[in-house]
Structures are given as structure tokens and as C-alpha cells.
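Everything below belongs to final-v4.txt, which stores compact mmCIF, C-alpha atoms and all ligand atoms.
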# COMPACT_ATOMS: atom_id res chain seq x y z
CA ALA Y 29 72.80 132.92 96.55
CA GLN Y 30 75.08 129.90 96.40
CA THR Y 31 78.48 129.57 94.79
CA ILE Y 32 78.99 126.10 93.39
CA PHE Y 33 82.54 124.96 92.62
CA SER Y 34 83.83 121.67 91.27
CA GLY Y 35 86.87 120.42 89.40
CA ILE Y 36 88.16 117.58 87.28
CA GLN Y 37 91.74 116.55 86.53
CA PRO Y 38 93.02 116.61 82.94
CA THR Y 39 94.23 113.03 83.34
CA GLY Y 40 92.14 111.57 80.50
CA VAL Y 41 88.74 111.79 78.87
CA PRO Y 42 86.08 111.49 81.59
CA HIS Y 43 84.62 108.05 82.25
CA LEU Y 44 81.14 106.96 83.19
CA GLY Y 45 81.96 107.27 86.91
CA ASN Y 46 83.02 110.89 86.50
CA TYR Y 47 79.90 111.51 84.46
CA LEU Y 48 77.30 109.86 86.71
CA GLY Y 49 79.10 110.73 89.95
CA ALA Y 50 79.83 114.37 89.26
CA LEU Y 51 79.61 115.84 85.76
CA ALA Y 52 75.92 115.04 85.13
CA ASN Y 53 75.24 117.07 88.25
CA TRP Y 54 77.29 119.97 86.92
CA VAL Y 55 75.01 120.11 83.90
CA ALA Y 56 71.82 119.61 85.91
CA LEU Y 57 72.76 122.53 88.17
CA GLN Y 58 72.75 124.85 85.17
CA LYS Y 59 69.03 124.12 84.87
CA ASN Y 60 68.08 123.61 88.50
CA ALA Y 61 70.17 126.13 90.41
CA ASP Y 62 68.78 129.57 91.13
CA PRO Y 63 69.75 131.97 88.30
CA GLN Y 64 71.50 134.04 91.00
CA ASP Y 65 73.76 131.13 91.92
CA ARG Y 66 77.30 131.21 90.59
CA LEU Y 67 78.56 128.04 88.90
CA ILE Y 68 82.32 127.56 88.60
CA TYR Y 69 83.87 124.50 86.96
CA SER Y 70 87.60 124.00 86.71
CA ILE Y 71 90.04 121.72 84.90
CA VAL Y 72 92.68 121.23 87.56
CA GLY Y 73 96.04 120.88 85.83
CA TYR Y 74 98.03 121.56 89.00
CA HIS Y 75 96.42 118.51 90.54
CA ALA Y 76 97.34 116.37 87.55
CA ILE Y 77 101.07 117.05 88.01
CA THR Y 78 101.09 115.63 91.53
CA LEU Y 79 101.86 112.42 89.62
CA PRO Y 80 104.37 112.34 86.73
CA GLN Y 81 102.82 113.46 83.41
CA ASP Y 82 104.16 113.51 79.90
CA PRO Y 83 104.01 117.21 78.87
CA ARG Y 84 102.73 116.64 75.33
CA ARG Y 85 100.11 114.27 76.55
CA LEU Y 86 99.04 116.60 79.37
CA GLU Y 87 98.60 119.43 76.90
CA ARG Y 88 96.38 117.25 74.74
CA GLU Y 89 94.38 116.04 77.74
CA ARG Y 90 93.73 119.63 78.80
CA MET Y 91 92.21 120.37 75.39
CA ASP Y 92 90.26 117.10 75.34
CA ILE Y 93 88.76 117.57 78.75
CA MET Y 94 87.58 121.07 77.87
CA ALA Y 95 85.96 119.57 74.74
CA SER Y 96 84.41 116.83 76.92
CA LEU Y 97 82.88 119.32 79.33
CA LEU Y 98 81.44 121.35 76.47
CA ALA Y 99 80.14 118.13 74.88
CA ILE Y 100 78.22 117.03 77.99
CA GLY Y 101 76.50 120.41 78.01
CA ILE Y 102 78.46 122.82 80.19
CA ASN Y 103 77.46 126.22 78.87
CA PRO Y 104 80.30 128.73 79.19
CA GLU Y 105 77.81 131.60 79.19
CA ARG Y 106 76.06 130.23 82.28
CA SER Y 107 79.04 128.66 84.06
CA ILE Y 108 82.59 129.87 84.57
CA LEU Y 109 84.60 127.13 82.85
CA PHE Y 110 88.37 127.47 83.08
CA HIS Y 111 91.81 125.90 83.53
CA GLN Y 112 93.03 126.11 87.14
CA ASP Y 113 96.64 126.42 85.91
CA GLN Y 114 95.73 129.71 84.22
CA VAL Y 115 94.68 131.38 87.49
CA LEU Y 116 97.77 131.69 89.67
CA GLU Y 117 95.85 132.63 92.81
CA HIS Y 118 95.04 128.92 93.29
CA VAL Y 119 98.68 128.27 94.07
CA GLU Y 120 99.01 131.36 96.22
CA LEU Y 121 96.08 130.44 98.45
CA ALA Y 122 97.23 126.82 98.56
CA TRP Y 123 100.57 127.96 100.00
CA ILE Y 124 98.87 130.00 102.68
CA LEU Y 125 96.62 127.06 103.60
CA ASN Y 126 99.64 124.72 103.59
CA CYS Y 127 101.04 126.84 106.37
CA MET Y 128 97.87 126.23 108.41
CA THR Y 129 97.62 122.48 107.82
CA SER Y 130 99.22 119.96 110.14
CA MET Y 131 101.08 117.06 108.57
CA GLY Y 132 99.22 114.72 110.90
CA LYS Y 133 95.89 115.69 109.35
CA LEU Y 134 97.19 115.04 105.84
CA LYS Y 135 98.70 111.69 106.79
CA ARG Y 136 95.25 110.46 107.75
CA VAL Y 137 93.77 111.15 104.29
CA THR Y 138 92.87 107.80 102.71
CA THR Y 139 93.89 108.72 99.15
CA TRP Y 140 97.40 109.40 100.46
CA LYS Y 141 97.40 106.20 102.48
CA SER Y 142 96.38 104.15 99.45
CA LYS Y 143 99.08 105.72 97.24
CA LEU Y 144 101.52 104.88 100.02
CA ALA Y 145 100.27 101.28 100.18
CA VAL Y 146 100.78 100.91 96.41
CA ALA Y 147 104.32 102.26 96.73
CA ARG Y 148 105.10 99.76 99.49
CA ASN Y 149 103.63 96.79 97.65
CA ASP Y 150 105.40 97.38 94.36
CA GLY Y 151 108.67 97.31 96.29
CA THR Y 152 109.81 100.78 95.28
CA ASP Y 153 109.55 101.97 98.80
CA LYS Y 154 110.60 99.35 101.31
CA ASN Y 155 112.27 101.37 104.02
CA GLN Y 156 110.75 104.76 103.92
CA ASP Y 157 107.13 105.67 104.44
CA ASP Y 158 106.90 108.25 101.74
CA GLY Y 159 110.25 108.01 99.93
CA HIS Y 160 109.55 108.91 96.32
CA LEU Y 161 106.03 110.30 96.57
CA SER Y 162 106.01 114.04 96.10
CA LEU Y 163 105.25 116.77 98.58
CA GLY Y 164 102.68 117.96 96.03
CA LEU Y 165 100.80 114.67 96.16
CA PHE Y 166 100.83 114.82 99.95
CA ALA Y 167 99.39 118.34 99.85
CA TYR Y 168 96.85 117.55 97.10
CA PRO Y 169 93.83 118.03 99.41
CA VAL Y 170 95.13 121.46 100.47
CA LEU Y 171 95.31 122.64 96.85
CA GLN Y 172 91.80 121.29 96.41
CA ALA Y 173 90.65 123.27 99.44
CA ALA Y 174 92.25 126.37 97.94
CA ASP Y 175 90.37 125.80 94.65
CA ILE Y 176 87.08 125.78 96.51
CA LEU Y 177 87.73 128.54 99.05
CA LEU Y 178 89.23 130.93 96.50
CA TYR Y 179 85.70 131.46 95.16
CA LYS Y 180 84.08 131.33 98.61
CA ALA Y 181 82.12 128.35 97.35
CA THR Y 182 79.21 127.09 99.44
CA ARG Y 183 78.37 123.87 97.53
CA VAL Y 184 80.67 121.27 95.99
CA PRO Y 185 79.22 118.61 93.65
CA VAL Y 186 81.82 115.81 93.67
CA GLY Y 187 81.71 112.01 93.88
CA GLU Y 188 81.69 109.97 97.05
CA ASP Y 189 85.47 109.38 96.77
CA GLN Y 190 86.02 113.09 97.51
CA ARG Y 191 84.10 113.15 100.78
CA GLN Y 192 87.18 113.11 103.00
CA HIS Y 193 88.92 115.80 100.95
CA LEU Y 194 85.88 118.01 101.34
CA GLU Y 195 85.91 117.39 105.10
CA LEU Y 196 89.48 118.70 105.17
CA CYS Y 197 88.43 121.73 103.15
CA ARG Y 198 85.64 122.48 105.62
CA ASP Y 199 88.12 122.14 108.43
CA LEU Y 200 90.58 124.51 106.73
CA ALA Y 201 87.89 127.12 106.15
CA ASP Y 202 87.21 127.02 109.86
CA VAL Y 203 90.90 127.10 110.83
CA PHE Y 204 91.50 130.11 108.60
CA ASN Y 205 88.46 131.99 109.91
CA ARG Y 206 89.52 131.38 113.49
CA THR Y 207 93.12 132.36 112.77
CA VAL Y 208 92.13 135.74 111.32
CA LYS Y 209 89.12 136.06 113.68
CA SER Y 210 86.76 136.82 110.83
CA PRO Y 211 84.34 134.68 108.76
CA ILE Y 212 86.19 135.11 105.46
CA PHE Y 213 85.33 131.67 104.07
CA PRO Y 214 81.91 130.04 104.16
CA VAL Y 215 82.16 126.37 105.17
CA PRO Y 216 81.23 124.51 101.95
CA ARG Y 217 78.90 121.51 101.71
CA HIS Y 218 79.00 118.36 99.60
CA ILE Y 219 76.30 117.88 96.94
CA ILE Y 220 75.73 114.15 96.52
CA THR Y 221 74.59 112.60 93.26
CA PRO Y 222 72.28 109.57 93.14
CA ALA Y 223 74.89 107.34 91.43
CA LYS Y 224 77.60 108.43 93.80
CA ARG Y 225 80.12 105.71 93.12
CA VAL Y 226 80.61 103.75 89.90
CA LEU Y 227 82.99 100.79 90.21
CA SER Y 228 85.70 99.40 87.96
CA LEU Y 229 84.45 96.86 85.41
CA ARG Y 230 87.56 94.73 86.01
CA ASP Y 231 87.78 94.93 89.80
CA PRO Y 232 84.46 95.93 91.37
CA MET Y 233 86.16 96.42 94.73
CA GLN Y 234 87.78 99.57 93.28
CA LYS Y 235 86.13 102.70 91.96
CA MET Y 236 86.16 103.31 88.22
CA SER Y 237 89.18 105.55 87.71
CA LYS Y 238 90.98 107.40 84.92
CA SER Y 239 94.36 106.41 86.27
CA ALA Y 240 93.79 102.65 86.65
CA PRO Y 241 96.08 100.78 84.23
CA ALA Y 242 93.39 98.56 82.62
CA ALA Y 243 91.68 100.55 79.85
CA ASN Y 244 88.72 98.14 79.80
CA SER Y 245 88.01 98.85 83.48
CA ARG Y 246 86.30 102.11 82.48
CA ILE Y 247 83.85 103.33 79.85
CA LEU Y 248 84.90 106.69 78.42
CA ILE Y 249 82.25 109.22 77.51
CA THR Y 250 83.72 109.21 73.98
CA ASP Y 251 83.73 105.40 73.51
CA SER Y 252 82.10 104.04 70.36
CA PHE Y 253 79.15 101.67 70.62
CA ASP Y 254 81.47 98.75 69.88
CA GLU Y 255 83.90 99.77 72.60
CA ILE Y 256 81.08 100.14 75.11
CA ALA Y 257 79.72 96.71 74.17
CA ALA Y 258 83.12 95.00 74.42
CA LYS Y 259 83.91 96.52 77.82
CA VAL Y 260 80.50 95.71 79.29
CA ARG Y 261 80.58 92.14 77.91
CA SER Y 262 83.91 91.53 79.64
CA ALA Y 263 82.83 93.08 82.96
CA VAL Y 264 83.54 90.91 86.01
CA THR Y 265 80.34 89.66 87.65
CA ASP Y 266 79.85 86.49 89.74
CA SER Y 267 78.46 82.95 89.46
CA THR Y 268 75.20 83.53 91.35
CA ARG Y 269 72.00 83.14 89.30
CA GLY Y 270 69.56 85.98 88.78
CA ILE Y 271 69.94 89.70 89.38
CA THR Y 272 69.90 91.29 92.82
CA TYR Y 273 71.30 94.50 94.22
CA ASP Y 274 73.75 93.67 96.97
CA PRO Y 275 76.88 95.86 96.79
CA ILE Y 276 78.72 93.93 99.50
CA SER Y 277 78.37 90.33 98.33
CA ARG Y 278 77.68 91.00 94.63
CA PRO Y 279 79.68 94.16 93.78
CA GLY Y 280 80.02 93.43 90.04
CA VAL Y 281 76.33 92.78 89.36
CA SER Y 282 75.27 95.63 91.65
CA ASN Y 283 77.57 98.00 89.81
CA LEU Y 284 75.92 97.10 86.50
CA VAL Y 285 72.51 97.75 88.07
CA THR Y 286 73.79 101.10 89.32
CA ILE Y 287 74.97 101.94 85.81
CA ILE Y 288 71.57 101.14 84.26
CA SER Y 289 69.82 103.17 86.93
CA GLY Y 290 72.27 106.08 86.56
CA CYS Y 291 71.92 106.19 82.77
CA THR Y 292 68.13 105.83 82.58
CA ASP Y 293 66.89 107.38 85.85
CA GLU Y 294 64.97 104.16 86.51
CA SER Y 295 65.25 103.37 90.24
CA ILE Y 296 67.53 100.57 91.43
CA GLU Y 297 64.49 98.75 92.87
CA SER Y 298 62.66 98.87 89.57
CA VAL Y 299 65.69 97.64 87.57
CA VAL Y 300 66.18 94.72 89.96
CA GLU Y 301 62.50 93.82 89.92
CA ARG Y 302 62.39 93.84 86.13
CA LEU Y 303 65.57 91.77 85.71
CA ALA Y 304 65.28 89.50 88.78
CA ASP Y 305 65.10 86.23 86.80
CA LYS Y 306 67.33 87.25 83.91
CA GLY Y 307 70.84 85.97 83.22
CA HIS Y 308 74.04 88.02 83.34
CA GLY Y 309 74.12 88.16 79.53
CA GLU Y 310 70.74 89.85 79.41
CA LEU Y 311 71.75 92.22 82.20
CA LYS Y 312 74.81 93.22 80.19
CA GLY Y 313 72.68 93.76 77.08
CA GLU Y 314 70.58 96.22 79.06
CA VAL Y 315 73.70 97.96 80.33
CA VAL Y 316 75.02 98.43 76.80
CA ASP Y 317 71.71 99.95 75.64
CA ALA Y 318 71.44 102.21 78.67
CA VAL Y 319 75.01 103.49 78.34
CA GLU Y 320 74.72 104.02 74.59
CA SER Y 321 71.49 105.98 74.97
CA LYS Y 322 73.26 108.26 77.46
CA LEU Y 323 76.66 108.58 75.80
CA GLY Y 324 75.80 108.39 72.09
CA PRO Y 325 74.73 112.05 71.87
CA VAL Y 326 77.73 113.12 74.01
CA ARG Y 327 80.15 111.31 71.67
CA ARG Y 328 78.68 112.94 68.58
CA GLU Y 329 78.81 116.38 70.17
CA TYR Y 330 82.42 115.79 71.26
CA GLU Y 331 83.45 114.95 67.71
CA ARG Y 332 81.80 118.10 66.43
CA ILE Y 333 83.42 120.35 69.05
CA LYS Y 334 86.87 118.87 68.45
CA GLN Y 335 86.77 120.29 64.92
CA ASP Y 336 87.16 123.82 66.29
CA GLU Y 337 90.19 123.98 68.58
CA GLY Y 338 90.31 127.77 68.29
CA TRP Y 339 86.93 128.01 69.97
CA ILE Y 340 87.93 125.54 72.69
CA ARG Y 341 90.94 127.74 73.52
CA GLU Y 342 88.84 130.89 73.45
CA VAL Y 343 86.35 129.41 75.94
CA GLY Y 344 89.25 128.67 78.29
CA ARG Y 345 90.71 132.15 77.97
CA ARG Y 346 87.43 133.86 78.72
CA GLY Y 347 86.71 131.51 81.61
CA ALA Y 348 90.11 132.22 83.19
CA GLU Y 349 89.48 135.96 83.00
CA LYS Y 350 86.19 135.65 84.83
CA ALA Y 351 87.65 133.32 87.44
CA ARG Y 352 90.67 135.55 88.00
CA ALA Y 353 88.50 138.58 88.70
CA LEU Y 354 86.86 136.72 91.59
CA ALA Y 355 90.09 135.12 92.80
CA VAL Y 356 91.96 138.43 93.03
CA GLU Y 357 89.23 139.88 95.20
CA THR Y 358 89.47 136.99 97.68
CA MET Y 359 93.26 137.18 97.80
CA VAL Y 360 93.35 140.89 98.62
CA ASP Y 361 91.12 140.13 101.58
CA VAL Y 362 93.05 137.03 102.65
CA LYS Y 363 96.49 138.65 102.41
CA THR Y 364 95.43 141.81 104.20
CA ARG Y 365 94.13 139.73 107.11
CA LEU Y 366 97.49 137.99 107.36
CA GLY Y 367 99.59 141.15 107.25
CA LEU Y 368 100.59 140.53 103.65
CA GLY Y 369 98.52 143.33 102.15
CA ALA Y 370 99.88 145.98 99.75
CA LEU Y 371 102.45 148.29 101.37
P1 LIG I 1 92.17 109.90 88.72
O1 LIG I 1 92.23 108.40 88.75
O2 LIG I 1 93.17 110.55 87.81
O3 LIG I 1 92.09 110.52 90.10
P2 LIG I 1 89.33 110.08 88.59
O4 LIG I 1 88.65 109.07 87.76
O5 LIG I 1 89.31 109.87 90.06
O6 LIG I 1 90.78 110.23 88.01
P3 LIG I 1 88.99 112.91 88.99
O7 LIG I 1 89.33 113.92 87.95
O8 LIG I 1 89.93 112.70 90.14
O9 LIG I 1 88.74 111.51 88.25
O10 LIG I 1 87.55 113.24 89.59
C1 LIG I 1 86.57 114.01 88.91
C2 LIG I 1 85.22 113.84 89.59
O11 LIG I 1 84.72 112.52 89.33
C3 LIG I 1 85.25 113.96 91.11
O12 LIG I 1 84.10 114.68 91.51
C4 LIG I 1 85.17 112.55 91.60
O13 LIG I 1 84.52 112.47 92.87
C5 LIG I 1 84.31 111.90 90.54
N1 LIG I 1 84.56 110.47 90.40
C6 LIG I 1 85.75 109.91 90.06
N2 LIG I 1 85.64 108.58 89.98
C7 LIG I 1 84.33 108.29 90.28
C8 LIG I 1 83.57 107.08 90.35
N3 LIG I 1 84.14 105.91 90.09
N4 LIG I 1 82.27 107.14 90.68
C9 LIG I 1 81.68 108.34 90.93
N5 LIG I 1 82.33 109.53 90.87
C10 LIG I 1 83.64 109.51 90.54
MG MG I 2 90.47 111.07 91.41

Mind turning this structure into C-alpha cells?
Ligand code: ATP
Ligand code: MG
Amino acid sequence: AQTIFSGIQPTGVPHLGNYLGALANWVALQKNADPQDRLIYSIVGYHAITLPQDPRRLERERMDIMASLLAIGINPERSILFHQDQVLEHVELAWILNCMTSMGKLKRVTTWKSKLAVARNDGTDKNQDDGHLSLGLFAYPVLQAADILLYKATRVPVGEDQRQHLELCRDLADVFNRTVKSPIFPVPRHIITPAKRVLSLRDPMQKMSKSAPAANSRILITDSFDEIAAKVRSAVTDSTRGITYDPISRPGVSNLVTIISGCTDESIESVVERLADKGHGELKGEVVDAVESKLGPVRREYERIKQDEGWIREVGRRGAEKARALAVETMVDVKTRLGLGAL
């Protein structure tokens, strides 16, 4: 049987990229995975605080993301759904893995390098390489590896942007196993989704992201029809006539095609064939309809679930209990192997 683990940061209501790139797969696995397979989905608060967060806002986001996951159809009876920050073993294993990770390896991670580039460009960090960025941000991929390995996960459904982090996790599983001379951790594999990478509506060279400053660069799964329409209408495209799929030279148009395909399950080829001679306005009209048909039901469910905060909290509490039971078992094993077992 497989153990499937994935996480999302409580840094805002999920957007269409999160949904098509990862969360839709989480839901699909509930139907398609073997009933013996264990599904574990986590809201990773300790990852969120690698960048500064306002405490009141973070608390609200943690509630909202739980409501979002329930709204898209995560069933807490089938899947273990919990807050990472309520299971302390994540931090404990992360520390142990930190001690087995070379700084050189972490410095090569592209997410770190791009945060560093931003720091240099905005002038906050002229002289030092990593001046004000936190040690926690640097070690982010190690915490992520701990999240996955703590449950001895074998499959990880995450978006394309996480590929390198998962590579590091696989490497750490191997390093640990060799260090203790025992196959404690399975080496986990990436599960890729068809729409693996949804791009920003404002800058189609970047991925759609919760933390990008421009709110109209992303469609939230809770956006109203009017909000969806306004964001899609203002999406950056290009001045070439007709519709083709060419991610390199026409990233904006291709992204809109990807979105239609991701929301309707129509293939990219078929979308392009159907719309080949159409204008950008018509393409955008199709995008709005496709997104609304996908997100309309999610939005209504979200509003219903938000009425009952007591239940949302209860789901989190029960999920954390189930996760902790598994985590404690792994940690006893891990610590004993390292000479840190009970005395
Ligand atoms: P942040 O900007 O705060 O990092 P994010 O939008 O990257 O937010 P995460 O919580 O980091 O969201 O990621 C949750 C999941 O969504 C991950 O599996 C990630 O791979 C996936 N994901 C994030 N952005 C995209 C995207 N634009 N296209 C496809 N998948 C995405
Ligand atoms: Mg991210």
C-alpha cells in the first residue's frame, strides 16, 4: 500500500494554480487510490512563518484554508487532514535532518536563490548574500522533507514548482538510511498532475502564486463570478492573432489554454483546434465560463462550511490526533537509531 502525503501553506485562500496543480489531485486520489492507501494532507503553518506573518491574519488563514480544503472535497473520514503546527514531531525530525544536510545543497535550491535575488534587487541586501533572510527560510526544504518522511510517504502530489524540493527530500531519505544503515524511510516519488503549472495572469513568466503582490494575478477558489471575469479580462496576452499553444513564445495565451483544459478536462490540442481562428476576447470568454463551472460549486460549498467554525476546528483536532499517532511511531524508530532513544 502507498502512503500519499502533501501540504499547503496557510498563506491565503488557494488559487487556481494550487487547485489544478495539486489540490484537484488530492481529491481525485480519494476516489482513485487503493482503499488500503493512506492519504495525509497537511496545512503547513511552520512553513508559512519562514516569511514574516501577521499573527491575527495567520490564524484566520489557517481556518480559511481548512475550510477551502473541505470545500474542494477533502473528506476527513478518508484522508488525514491536519495542521502541521499541531504535530510537534515535524519540527523534531526537521532538526535531525538539518544536521544531515549540507549548506551547499541548500544553497543550490532555486526557491532560495530567487528569494535571494529579490533581496538583492530591492536594495535591502547589497553587501551580504543572505543578510536578512531567515535560517528558517533557508532550511524550508528540510522541514518539507521532514513532513513527508515523518509518515514514511511513498507518493507526493505537488506542483511542478516543488520538483527540486522533492529531489532534496529523496536525497535526505537516502542519506538518513545510509547513516543509520537501515532502510527506515522509503524514497518518495512525485505525482504529476496534467495542469502542472498555472502562470500568473499579470506576468506569465512567473507561476501563479499566493504571495505575489498583485491580487489580480491569481484567481482564488472563492472568487465570485464577477471577480473571475474581471481578472481574466485583464489577463496579459500578446498581439499575435489567433489562438495557438506555444508556452515559450506565447506564455499568456498558452496559460489561458492550459486553464481551459485544466478546468474542463478537454485536451490542449482540442481547445486549440476549436479556438484557432478566434480572438483573444473570445478566448477569455471561454476561460471565464470554464473557471466558473469548476469553481462555482466550490465557492458555494466554502460559504456553507464557513458558517460552522466549531466543526472546522473539530476536524483539525481529530486530524492532528491521527497524524500524531503515526508520527510518534516514526520518531521512536528514528531516535533509537541515532542513540537518542528512551533511557
Ligand atoms: P506561496 O507563494 O505562499 O509559496 P503558493 O501559491 O506557491 O504560495 P503553496 O502553498 O506553496 O502555494 O503550494 C501548494 C501547492 O500548490 C504545491 O503543491 C505547489 O506545487 C502547488 N502550486 C503552487 N503554485 C502553483 C502553480 N502556479 N501551478 C501549479 N501548482 C502550483
Ligand atoms: Mg509556494

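Residue nearest ligand LIG 1 (chain I), chosen from Y:Phe110, Y:Tyr47, Y:Tyr179, Y:Phe33 and counting all atoms listed in the file: Y:Tyr47.
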
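With all atoms listed in the file as the atoms that count, the residue of Y:Arg106, Y:His218, Y:Lys133, Y:Lys235 with the shortest distance to ligand MG 2 (chain I) is Y:Lys235.
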
Report as a Markdown table the residues of chain Y within 6 Å of ligand LIG 1 (chain I), each with its shortest atom pair and distance in Å (one decimal), using all atoms listed in the file, ordered by chain and increasing residue number.
| residue | atom | partner | partner_atom | distance |
| --- | --- | --- | --- | --- |
| Y:Ile36 | CA | I:LIG1 | O7 | 3.9 |
| Y:Gln37 | CA | I:LIG1 | O7 | 3.8 |
| Y:Thr39 | CA | I:LIG1 | O2 | 5.2 |
| Y:Gly45 | CA | I:LIG1 | N4 | 3.8 |
| Y:Asn46 | CA | I:LIG1 | O11 | 3.7 |
| Y:Gly49 | CA | I:LIG1 | N5 | 3.6 |
| Y:Ala50 | CA | I:LIG1 | O12 | 4.8 |
| Y:Val186 | CA | I:LIG1 | O12 | 3.3 |
| Y:Gly187 | CA | I:LIG1 | O13 | 3.0 |
| Y:Glu188 | CA | I:LIG1 | O13 | 5.6 |
| Y:Asp189 | CA | I:LIG1 | O13 | 5.1 |
| Y:Gln190 | CA | I:LIG1 | O13 | 4.9 |
| Y:Lys224 | CA | I:LIG1 | C9 | 5.0 |
| Y:Arg225 | CA | I:LIG1 | N4 | 3.6 |
| Y:Val226 | CA | I:LIG1 | N4 | 3.9 |
| Y:Leu227 | CA | I:LIG1 | N3 | 5.2 |
| Y:Lys235 | CA | I:LIG1 | N3 | 4.2 |
| Y:Met236 | CA | I:LIG1 | N3 | 3.8 |
| Y:Ser237 | CA | I:LIG1 | O4 | 3.6 |
| Y:Lys238 | CA | I:LIG1 | O4 | 4.0 |
| Y:Ser239 | CA | I:LIG1 | O1 | 3.8 |

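Atom pair atom CA of Glu310 of chain Y / atom CA of Gly324 of chain Y: separated by 20.6 Å.
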
Nearest to Val316 of chain Y, chosen from Y:Leu371, Y:Ile247, Y:Leu366, Y:Val72, with all atoms listed in the file counted in the distances: Y:Ile247

Cut-off 12 Å around (83.2, 93.8, 89.1) with only C-alpha atoms: residues as a PyMOL selection string: chain Y and resi 226-236+244-246+259-267+275-286

Residue with smallest distance to ligand MG 2 (chain I) - pool Y:Tyr168, Y:Tyr330, Y:Trp123, Y:Trp54, counting all atoms listed in the file: Y:Tyr168

For segment 87-98 of chain Y: contacts at 6 Å, only C-alpha atoms, fewer than 5 positions along chain excluded, given as a ChimeraX atom specification: /Y:38,40-41

Pairwise distance for atom CA of Leu134 of chain Y and atom CA of Glu195 of chain Y, rounded to one decimal in Å: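 Result for atom CA of Leu134 of chain Y versus atom CA of Glu195 of chain Y: 11.5 Å, one decimal.
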
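Between atom CA of Lys322 of chain Y and atom CA of Thr250 of chain Y there is a distance of 11.1 Å.
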
Residue among Y:Gly159, Y:Gly101, Y:Gly132, Y:Gly164 lying closest to Ala76 of chain Y, counting all atoms listed in the file: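 Looking only at the distances to Ala76 of chain Y, the closest residue turns out to be Y:Gly164.
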
Given all atoms listed in the file as the counted atoms, nearest of Y:Gly35, Y:Pro325, Y:Gly270, Y:Gly367 to ligand MG 2 (chain I):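 Of all the options, Y:Gly35 lies closest to ligand MG 2 (chain I).
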
All residues 10 Å or closer to Asp113 of chain Y, all atoms listed in the file, same chain fewer than 5 positions away omitted, as a PyMOL selection string: chain Y and resi 70-75+118-119+348

For the residues selected in the previous step, produce a file with C-alpha atoms as an mmCIF file, keeping the file's coordinate frame.
data_model
loop_
_atom_site.group_PDB
_atom_site.id
_atom_site.type_symbol
_atom_site.label_atom_id
_atom_site.label_comp_id
_atom_site.auth_asym_id
_atom_site.auth_seq_id
_atom_site.Cartn_x
_atom_site.Cartn_y
_atom_site.Cartn_z
ATOM 1 C CA SER Y 70 87.600 124.000 86.710
ATOM 2 C CA ILE Y 71 90.040 121.720 84.900
ATOM 3 C CA VAL Y 72 92.680 121.230 87.560
ATOM 4 C CA GLY Y 73 96.040 120.880 85.830
ATOM 5 C CA TYR Y 74 98.030 121.560 89.000
ATOM 6 C CA HIS Y 75 96.420 118.510 90.540
ATOM 7 C CA HIS Y 118 95.040 128.920 93.290
ATOM 8 C CA VAL Y 119 98.680 128.270 94.070
ATOM 9 C CA ALA Y 348 90.110 132.220 83.190
#

7 Å contact set for Gly290 of chain Y, all atoms listed in the file, chain neighbours under 3 positions out, as JSON, numbers by chain: {"Y": [48, 223, 286, 287, 293]}

Residue contacts of Val137 of chain Y (12 Å, only C-alpha atoms) excluding same-chain residues fewer than 3 positions away, as a list in words: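 Counting only the stated atoms, we get Ser130, Met131, Gly132, Lys133, Leu134, Trp140, Lys141, Ser142, Lys143, Leu144, Leu165, Phe166, Ala167, Tyr168, Pro169, Val170, Asp189, Gln190, Arg191, Gln192, His193, Leu194, Glu195, Leu196 and Cys197 of chain Y.
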
Return the padded bounding box of segment 61-80 of chain Y as lines of an AutoDock Vina configuration file: axis-aligned, built from all atoms listed in the file, 3 Å added on each side, with centre and edge lengths in Å to one decimal.
center_x = 86.6
center_y = 123.2
center_z = 88.4
size_x = 41.6
size_y = 27.7
size_z = 13.0

Contacts of Met128 of chain Y within 8 Å, all atoms listed in the file, excl. fewer than 4 positions in-chain, as JSON, numbers by chain: {"Y": [124, 200, 203, 204]}
